[in-house]
file target-v3.cif (mmCIF, C-alpha atoms)
data_data
loop_
_atom_site.group_PDB
_atom_site.id
_atom_site.type_symbol
_atom_site.label_atom_id
_atom_site.label_comp_id
_atom_site.auth_asym_id
_atom_site.auth_seq_id
_atom_site.Cartn_x
_atom_site.Cartn_y
_atom_site.Cartn_z
ATOM 1 C CA ILE A 2 -24.382 5.650 12.444
ATOM 2 C CA ALA A 3 -21.826 6.320 9.695
ATOM 3 C CA ILE A 4 -20.863 9.695 11.200
ATOM 4 C CA TYR A 5 -20.499 8.130 14.642
ATOM 5 C CA TYR A 6 -18.342 5.342 13.211
ATOM 6 C CA ARG A 7 -16.015 7.818 11.471
ATOM 7 C CA LYS A 8 -15.591 9.760 14.695
ATOM 8 C CA GLU A 9 -14.698 6.569 16.527
ATOM 9 C CA LEU A 10 -12.180 5.534 13.856
ATOM 10 C CA LYS A 11 -10.323 8.813 14.364
ATOM 11 C CA LYS A 12 -9.369 7.554 17.808
ATOM 12 C CA GLY A 13 -7.241 4.846 16.206
ATOM 13 C CA ILE A 14 -5.744 6.865 13.324
ATOM 14 C CA LYS A 15 -3.127 9.595 13.634
ATOM 15 C CA PHE A 16 -1.712 11.863 10.932
ATOM 16 C CA LEU A 17 2.081 12.094 11.041
ATOM 17 C CA ASP A 18 4.551 14.728 9.842
ATOM 18 C CA HIS A 19 5.687 14.862 6.221
ATOM 19 C CA LYS A 20 8.163 17.093 4.384
ATOM 20 C CA ASN A 21 6.019 18.059 1.361
ATOM 21 C CA ASP A 22 2.497 17.666 0.034
ATOM 22 C CA ASP A 23 3.304 14.796 -2.358
ATOM 23 C CA TYR A 24 2.731 12.236 0.383
ATOM 24 C CA ALA A 25 1.105 11.752 3.776
ATOM 25 C CA TRP A 26 1.716 9.323 6.640
ATOM 26 C CA LEU A 27 -0.992 7.801 8.833
ATOM 27 C CA LYS A 28 -0.508 5.663 11.910
ATOM 28 C CA PHE A 29 -3.066 2.922 12.577
ATOM 29 C CA CYS A 30 -2.777 2.151 16.283
ATOM 30 C CA ARG A 31 -2.449 -1.537 17.094
ATOM 31 C CA TYR A 32 -4.604 -1.447 20.217
ATOM 32 C CA PHE A 33 -7.586 0.030 18.367
ATOM 33 C CA PHE A 34 -7.387 -2.221 15.294
ATOM 34 C CA GLY A 35 -6.351 -5.404 17.098
ATOM 35 C CA LEU A 36 -2.957 -5.608 15.372
ATOM 36 C CA ASP A 37 0.292 -7.147 16.559
ATOM 37 C CA GLU A 38 2.135 -3.914 15.718
ATOM 38 C CA ASP A 39 1.257 -0.385 14.628
ATOM 39 C CA TYR A 40 0.729 0.161 10.895
ATOM 40 C CA PHE A 41 2.429 3.172 9.291
ATOM 41 C CA ILE A 42 0.682 3.828 5.969
ATOM 42 C CA CYS A 43 2.038 6.237 3.359
ATOM 43 C CA TYR A 44 -0.160 7.532 0.526
ATOM 44 C CA SER A 45 2.065 9.078 -2.106
ATOM 45 C CA TYR A 46 2.346 10.714 -5.499
ATOM 46 C CA ALA A 47 5.944 10.737 -6.711
ATOM 47 C CA PRO A 48 6.275 13.121 -9.706
ATOM 48 C CA PRO A 49 7.916 11.666 -12.851
ATOM 49 C CA GLU A 50 11.679 12.130 -12.858
ATOM 50 C CA ASN A 51 11.616 13.819 -16.284
ATOM 51 C CA SER A 52 8.804 16.256 -15.435
ATOM 52 C CA LEU A 53 9.475 20.006 -15.234
ATOM 53 C CA TYR A 54 7.662 20.073 -11.898
ATOM 54 C CA TYR A 55 10.087 17.530 -10.425
ATOM 55 C CA LYS A 56 13.192 19.243 -11.811
ATOM 56 C CA THR A 57 12.306 22.788 -10.745
ATOM 57 C CA ARG A 58 11.205 21.852 -7.223
ATOM 58 C CA LYS A 59 14.468 20.102 -6.389
ATOM 59 C CA GLN A 60 12.736 17.891 -3.827
ATOM 60 C CA ASP A 61 13.100 14.127 -4.018
ATOM 61 C CA THR A 62 9.819 12.832 -2.607
ATOM 62 C CA LEU A 63 10.966 9.219 -2.766
ATOM 63 C CA ALA A 64 14.096 10.061 -0.742
ATOM 64 C CA TYR A 65 11.905 11.608 1.948
ATOM 65 C CA ILE A 66 9.716 8.510 2.028
ATOM 66 C CA GLU A 67 12.749 6.213 2.224
ATOM 67 C CA SER A 68 14.047 8.147 5.215
ATOM 68 C CA ASP A 69 10.679 7.864 6.971
ATOM 69 C CA ILE A 70 10.417 4.145 6.202
ATOM 70 C CA LEU A 71 13.806 3.573 7.833
ATOM 71 C CA SER A 72 12.417 5.145 10.996
ATOM 72 C CA TYR A 73 8.970 3.542 10.977
ATOM 73 C CA THR A 74 10.090 -0.026 10.247
ATOM 74 C CA ALA A 75 11.738 -0.009 13.677
ATOM 75 C CA LYS A 76 8.374 0.836 15.252
ATOM 76 C CA GLY A 77 5.921 -1.330 13.317
ATOM 77 C CA ASN A 78 4.807 -2.410 9.847
ATOM 78 C CA VAL A 79 4.984 -0.128 6.808
ATOM 79 C CA LEU A 80 2.527 0.109 3.918
ATOM 80 C CA LEU A 81 3.250 2.296 0.889
ATOM 81 C CA CYS A 82 0.500 3.047 -1.647
ATOM 82 C CA GLY A 83 0.018 5.373 -4.574
ATOM 83 C CA ASP A 84 1.322 6.591 -7.909
ATOM 84 C CA LEU A 85 5.100 6.205 -7.699
ATOM 85 C CA ASN A 86 5.744 6.713 -11.431
ATOM 86 C CA ALA A 87 8.068 3.726 -11.342
ATOM 87 C CA ARG A 88 8.194 0.701 -13.644
ATOM 88 C CA THR A 89 9.570 -2.374 -11.891
ATOM 89 C CA GLY A 90 8.812 -5.043 -14.497
ATOM 90 C CA CYS A 91 8.958 -8.517 -12.966
ATOM 91 C CA SER A 92 12.291 -7.969 -11.244
ATOM 92 C CA PRO A 93 12.501 -9.517 -7.757
ATOM 93 C CA ASP A 94 11.736 -7.354 -4.735
ATOM 94 C CA PHE A 95 13.760 -9.613 -2.432
ATOM 95 C CA ILE A 96 17.307 -10.987 -2.200
ATOM 96 C CA THR A 97 17.390 -14.036 -4.449
ATOM 97 C CA HIS A 98 18.939 -17.274 -3.136
ATOM 98 C CA ASP A 99 19.303 -15.739 0.314
ATOM 99 C CA ASN A 100 20.533 -17.959 3.153
ATOM 100 C CA ASP A 101 21.946 -17.746 6.642
ATOM 101 C CA ILE A 102 25.292 -19.418 5.927
ATOM 102 C CA GLY A 103 27.917 -17.627 7.969
ATOM 103 C CA SER A 104 25.310 -15.757 10.006
ATOM 104 C CA ALA A 105 23.657 -18.618 11.889
ATOM 105 C CA HIS A 106 24.738 -17.181 15.208
ATOM 106 C CA SER A 107 23.796 -13.576 14.406
ATOM 107 C CA PRO A 108 20.471 -12.290 15.799
ATOM 108 C CA PHE A 109 20.611 -9.269 13.482
ATOM 109 C CA TYR A 110 20.041 -11.004 10.138
ATOM 110 C CA SER A 111 16.810 -12.541 8.883
ATOM 111 C CA ILE A 112 16.531 -14.379 5.581
ATOM 112 C CA ASP A 113 14.510 -12.894 2.728
ATOM 113 C CA ASN A 114 11.590 -15.143 1.839
ATOM 114 C CA ASP A 115 10.785 -15.754 -1.818
ATOM 115 C CA ILE A 116 6.969 -15.480 -1.591
ATOM 116 C CA ILE A 117 5.839 -16.221 -5.161
ATOM 117 C CA THR A 118 6.834 -15.102 -8.636
ATOM 118 C CA ARG A 119 5.407 -11.645 -9.217
ATOM 119 C CA CYS A 120 3.493 -11.162 -12.465
ATOM 120 C CA SER A 121 3.180 -7.947 -14.443
ATOM 121 C CA GLN A 122 1.690 -6.970 -17.793
ATOM 122 C CA ASP A 123 4.497 -4.375 -17.803
ATOM 123 C CA SER A 124 7.142 -7.078 -17.437
ATOM 124 C CA ALA A 125 9.497 -5.771 -20.142
ATOM 125 C CA HIS A 126 10.116 -2.379 -18.555
ATOM 126 C CA LEU A 127 12.372 -1.405 -15.663
ATOM 127 C CA CYS A 128 13.296 2.257 -15.141
ATOM 128 C CA ASN A 129 15.680 4.006 -12.745
ATOM 129 C CA ARG A 130 12.847 4.901 -10.363
ATOM 130 C CA GLY A 131 11.752 1.258 -10.520
ATOM 131 C CA LYS A 132 15.238 0.154 -9.475
ATOM 132 C CA GLN A 133 15.026 2.551 -6.523
ATOM 133 C CA ILE A 134 11.722 0.992 -5.464
ATOM 134 C CA LEU A 135 13.161 -2.531 -5.703
ATOM 135 C CA ASP A 136 16.247 -1.496 -3.701
ATOM 136 C CA LEU A 137 13.924 0.002 -1.084
ATOM 137 C CA CYS A 138 11.963 -3.259 -0.916
ATOM 138 C CA THR A 139 15.151 -5.270 -0.495
ATOM 139 C CA SER A 140 16.685 -3.035 2.167
ATOM 140 C CA SER A 141 13.474 -2.591 4.208
ATOM 141 C CA LYS A 142 11.919 -6.060 3.686
ATOM 142 C CA LEU A 143 8.933 -4.669 1.784
ATOM 143 C CA ARG A 144 6.979 -6.593 -0.835
ATOM 144 C CA ILE A 145 5.038 -5.417 -3.896
ATOM 145 C CA VAL A 146 1.441 -6.642 -3.724
ATOM 146 C CA ASN A 147 0.602 -5.991 -7.404
ATOM 147 C CA GLY A 148 0.603 -9.208 -9.392
ATOM 148 C CA GLN A 149 0.682 -11.461 -6.331
ATOM 149 C CA LYS A 150 -2.811 -11.412 -4.827
ATOM 150 C CA THR A 151 -6.381 -12.430 -5.591
ATOM 151 C CA GLY A 152 -7.946 -9.884 -7.938
ATOM 152 C CA ASP A 153 -4.686 -8.973 -9.671
ATOM 153 C CA ALA A 154 -2.912 -12.210 -10.477
ATOM 154 C CA LEU A 155 -1.680 -10.776 -13.801
ATOM 155 C CA GLY A 156 -0.270 -7.503 -12.452
ATOM 156 C CA ARG A 157 -2.533 -5.344 -14.578
ATOM 157 C CA TYR A 158 -1.584 -2.012 -16.120
ATOM 158 C CA THR A 159 -2.574 0.912 -13.909
ATOM 159 C CA CYS A 160 -1.810 3.833 -16.241
ATOM 160 C CA HIS A 161 -3.008 4.388 -19.821
ATOM 161 C CA LYS A 162 -1.720 7.194 -22.054
ATOM 162 C CA ASN A 163 -1.494 7.830 -25.798
ATOM 163 C CA ALA A 164 2.114 6.584 -25.721
ATOM 164 C CA GLY A 165 1.071 3.277 -24.151
ATOM 165 C CA SER A 166 0.151 1.556 -20.906
ATOM 166 C CA SER A 167 2.251 0.918 -17.819
ATOM 167 C CA LEU A 168 2.153 -0.272 -14.212
ATOM 168 C CA VAL A 169 3.192 2.645 -12.013
ATOM 169 C CA ASP A 170 0.638 2.577 -9.153
ATOM 170 C CA TYR A 171 1.479 0.231 -6.294
ATOM 171 C CA VAL A 172 0.578 -1.247 -2.961
ATOM 172 C CA ILE A 173 3.777 -2.225 -1.112
ATOM 173 C CA VAL A 174 3.761 -3.715 2.387
ATOM 174 C CA SER A 175 6.101 -5.121 5.015
ATOM 175 C CA GLU A 176 6.852 -8.776 4.362
ATOM 176 C CA SER A 177 5.433 -9.752 7.760
ATOM 177 C CA VAL A 178 1.918 -8.545 6.819
ATOM 178 C CA PHE A 179 1.928 -9.608 3.156
ATOM 179 C CA LYS A 180 -0.147 -12.652 4.091
ATOM 180 C CA ASP A 181 -2.802 -10.392 5.649
ATOM 181 C CA VAL A 182 -3.538 -8.557 2.386
ATOM 182 C CA LEU A 183 -6.842 -10.069 1.270
ATOM 183 C CA TYR A 184 -6.998 -8.837 -2.314
ATOM 184 C CA LEU A 185 -5.946 -6.136 -4.760
ATOM 185 C CA HIS A 186 -8.051 -4.951 -7.692
ATOM 186 C CA VAL A 187 -7.190 -2.473 -10.445
ATOM 187 C CA ASN A 188 -10.450 -0.678 -11.196
ATOM 188 C CA SER A 189 -11.782 0.279 -14.620
ATOM 189 C CA PHE A 190 -9.994 3.023 -16.532
ATOM 190 C CA LYS A 191 -11.847 6.365 -16.473
ATOM 191 C CA GLY A 192 -9.933 8.550 -18.910
ATOM 192 C CA HIS A 193 -12.096 11.627 -18.312
ATOM 193 C CA LEU A 194 -10.883 11.670 -14.696
ATOM 194 C CA SER A 195 -7.274 10.490 -14.790
ATOM 195 C CA ASP A 196 -4.641 8.614 -16.772
ATOM 196 C CA ASP A 197 -4.297 6.284 -13.776
ATOM 197 C CA CYS A 198 -6.762 3.638 -12.602
ATOM 198 C CA SER A 199 -7.797 3.624 -8.970
ATOM 199 C CA ILE A 200 -6.786 0.588 -6.917
ATOM 200 C CA SER A 201 -8.901 -1.207 -4.317
ATOM 201 C CA TRP A 202 -7.306 -3.425 -1.695
ATOM 202 C CA ALA A 203 -7.951 -4.725 1.802
ATOM 203 C CA ILE A 204 -5.911 -5.961 4.726
ATOM 204 C CA GLN A 205 -7.040 -8.103 7.635
ATOM 205 C CA CYS A 206 -7.435 -6.551 11.080
ATOM 206 C CA ASN A 207 -9.482 -7.157 14.235
ATOM 207 C CA VAL A 208 -11.029 -3.753 14.830
ATOM 208 C CA SER A 209 -13.284 -3.433 17.854
ATOM 209 C CA ASP A 210 -16.969 -3.027 17.108
ATOM 210 C CA VAL A 211 -17.354 0.670 17.894
ATOM 211 C CA ARG A 212 -20.634 1.055 16.042
ATOM 212 C CA PRO A 213 -23.740 1.697 18.089
ATOM 213 C CA LYS A 214 -26.310 -1.062 17.995
ATOM 214 C CA PRO A 215 -29.436 0.474 16.454
ATOM 215 C CA LYS A 216 -32.807 -0.658 17.700
ATOM 216 C CA CYS A 217 -34.457 -2.293 14.716
ATOM 217 C CA LYS A 218 -37.889 -3.805 14.354
ATOM 218 C CA TYR A 219 -37.698 -6.758 12.005
ATOM 219 C CA VAL A 220 -40.584 -7.751 9.742
ATOM 220 C CA ASN A 221 -41.080 -10.872 7.670
ATOM 221 C CA PHE A 222 -40.083 -10.719 4.025
ATOM 222 C CA PRO A 223 -43.231 -10.614 1.844
ATOM 223 C CA GLU A 224 -44.105 -13.792 0.009
ATOM 224 C CA GLN A 225 -45.004 -11.799 -3.079
ATOM 225 C CA TYR A 226 -44.087 -8.385 -4.436
ATOM 226 C CA ARG A 227 -44.833 -6.371 -7.530
#

call {"tool": "encode", "arguments": {"input": "target-v3.cif", "output": "structure tokens"}}
result
Amino acid sequence: IAIYYRKELKKGIKFLDHKNDDYAWLKFCRYFFGLDEDYFICYSYAPPENSLYYKTRKQDTLAYIESDILSYTAKGNVLLCGDLNARTGCSPDFITHDNDIGSAHSPFYSIDNDIITRCSQDSAHLCNRGKQILDLCTSSKLRIVNGQKTGDALGRYTCHKNAGSSLVDYVIVSESVFKDVLYLHVNSFKGHLSDDCSISWAIQCNVSDVRPKPKCKYVNFPEQYR
């Protein structure tokens, strides 16, 4: 059943082009998953700005992703996940005190909504890459899920090294689907595998039941057991 289900899911998921191997784009088709619009999901690893790998390659992964987001936001909703090596503190990911004064008759401007105050255990740190991420959120109406959903109300650290802990792994989604994110959970640290914790999260959809209905013979639960 599991193999059949995976094969069926492939019908609703498409891999899209990307410029290097630090990230990958997937398209979740709205008709298959019962969505209002297509979802364009990017899984990324953005190398640290001060790393030799980043400097010698001369490829700005985040710039590539920004360019793709500009294109995909016109076609549907965008979700960005992964290790971005960016520290955003508790700085706002929206335009503060935004209003429509002077633009009431313009159909091209929508007001930024202040969802809730984002929490972070890494609140005291904001780096240049973090500022880029916040600018991207503001310009593309994306919202950081960390520190704003059930399971991660505190904005827990996601990376632990000898020099200290930080929050550098994110789930970032279009503002219009922020409400559909059900939870986010930073899993336990496993230092023998990685400096970064894995993140679990879920988003609401209405996927068709493509699973085959197995023929099962039900039996009564025993009254006693050893």

call {"tool": "residues_around", "arguments": {"input": "target-v3.cif", "residues": "range 82-84 of chain A", "least_positions_apart": "5", "cutoff": "7 Å", "atoms": "all atoms listed in the file", "output": "VMD selection string"}}
result
chain A and resid 43 to 47 169 to 173

call {"tool": "closest_residue", "arguments": {"input": "target-v3.cif", "among": "A:Asp123, A:Glu176, A:Asp136, A:Glu67", "to": "Pro93 in chain A", "atoms": "all atoms listed in the file"}}
result
A:Asp136

call {"tool": "resolve_selection", "arguments": {"input": "target-v3.cif", "expression": "the PyMOL selection byres ((chain A and resi 124-135) around 8)", "output": "ChimeraX atom specification"}}
result
/A:50,86-95,120-123,136-139

call {"tool": "residues_around", "arguments": {"input": "target-v3.cif", "residues": "Gly35 in chain A", "least_positions_apart": "3", "cutoff": "10 Å", "atoms": "all atoms listed in the file", "output": "count of residues only"}}
result
10

call {"tool": "closest_residue", "arguments": {"input": "target-v3.cif", "among": "A:His186, A:Leu36, A:Gly152, A:Asn21", "to": "Arg58 in chain A", "atoms": "only C-alpha atoms"}}
result
A:Asn21

call {"tool": "atom_distance", "arguments": {"input": "target-v3.cif", "atom1": "CA of Pro48 in chain A", "atom2": "CA of Asp23 in chain A"}}
result
8.1 Å

call {"tool": "residues_around", "arguments": {"input": "target-v3.cif", "residues": "Lys150 in chain A", "least_positions_apart": "6", "cutoff": "10 Å", "atoms": "only C-alpha atoms", "output": "list in words"}}
result
Ile117, Arg119, Cys120, Gly156, Phe179, Lys180, Val182, Leu183, Tyr184, Leu185, His186 and Trp202 of chain A

call {"tool": "write_last_selection", "arguments": {"input": "target-v3.cif", "atoms": "C-alpha atoms", "output": "compact mmCIF listing (two decimals), in the frame of the given file"}}
result
# COMPACT_ATOMS: atom_id res chain seq x y z
CA ILE A 117 5.84 -16.22 -5.16
CA ARG A 119 5.41 -11.64 -9.22
CA CYS A 120 3.49 -11.16 -12.46
CA GLY A 156 -0.27 -7.50 -12.45
CA PHE A 179 1.93 -9.61 3.16
CA LYS A 180 -0.15 -12.65 4.09
CA VAL A 182 -3.54 -8.56 2.39
CA LEU A 183 -6.84 -10.07 1.27
CA TYR A 184 -7.00 -8.84 -2.31
CA LEU A 185 -5.95 -6.14 -4.76
CA HIS A 186 -8.05 -4.95 -7.69
CA TRP A 202 -7.31 -3.42 -1.70

call {"tool": "axis_aligned_box", "arguments": {"input": "target-v3.cif", "around": "range 40-50 of chain A", "padding_each_side": "4 Å", "output": "AutoDock Vina command-line options"}}
result
--center_x 5.8 --center_y 6.6 --center_z -1.0 --size_x 19.8 --size_y 21.0 --size_z 31.8

call {"tool": "resolve_selection", "arguments": {"input": "target-v3.cif", "expression": "the PyMOL selection byres ((chain A and resi 8-17) around 6)", "output": "VMD selection string"}}
result
chain A and resid 5 to 7 18 26 to 30 33

call {"tool": "closest_residue", "arguments": {"input": "target-v3.cif", "among": "A:Thr62, A:Thr57, A:Ser166, A:Asn51", "to": "His19 in chain A", "atoms": "only C-alpha atoms"}}
result
A:Thr62

call {"tool": "atom_distance", "arguments": {"input": "target-v3.cif", "atom1": "CA of Asp196 in chain A", "atom2": "CA of Ile70 in chain A"}}
result
27.8 Å

call {"tool": "resolve_selection", "arguments": {"input": "target-v3.cif", "expression": "the PyMOL selection byres ((chain A and resi 192) around 12)", "output": "VMD selection string"}}
result
chain A and resid 159 to 163 189 to 191 193 to 199

call {"tool": "closest_residue", "arguments": {"input": "target-v3.cif", "among": "A:Tyr24, A:Asp37, A:Asn147, A:Arg157", "to": "Tyr65 in chain A", "atoms": "only C-alpha atoms"}}
result
A:Tyr24
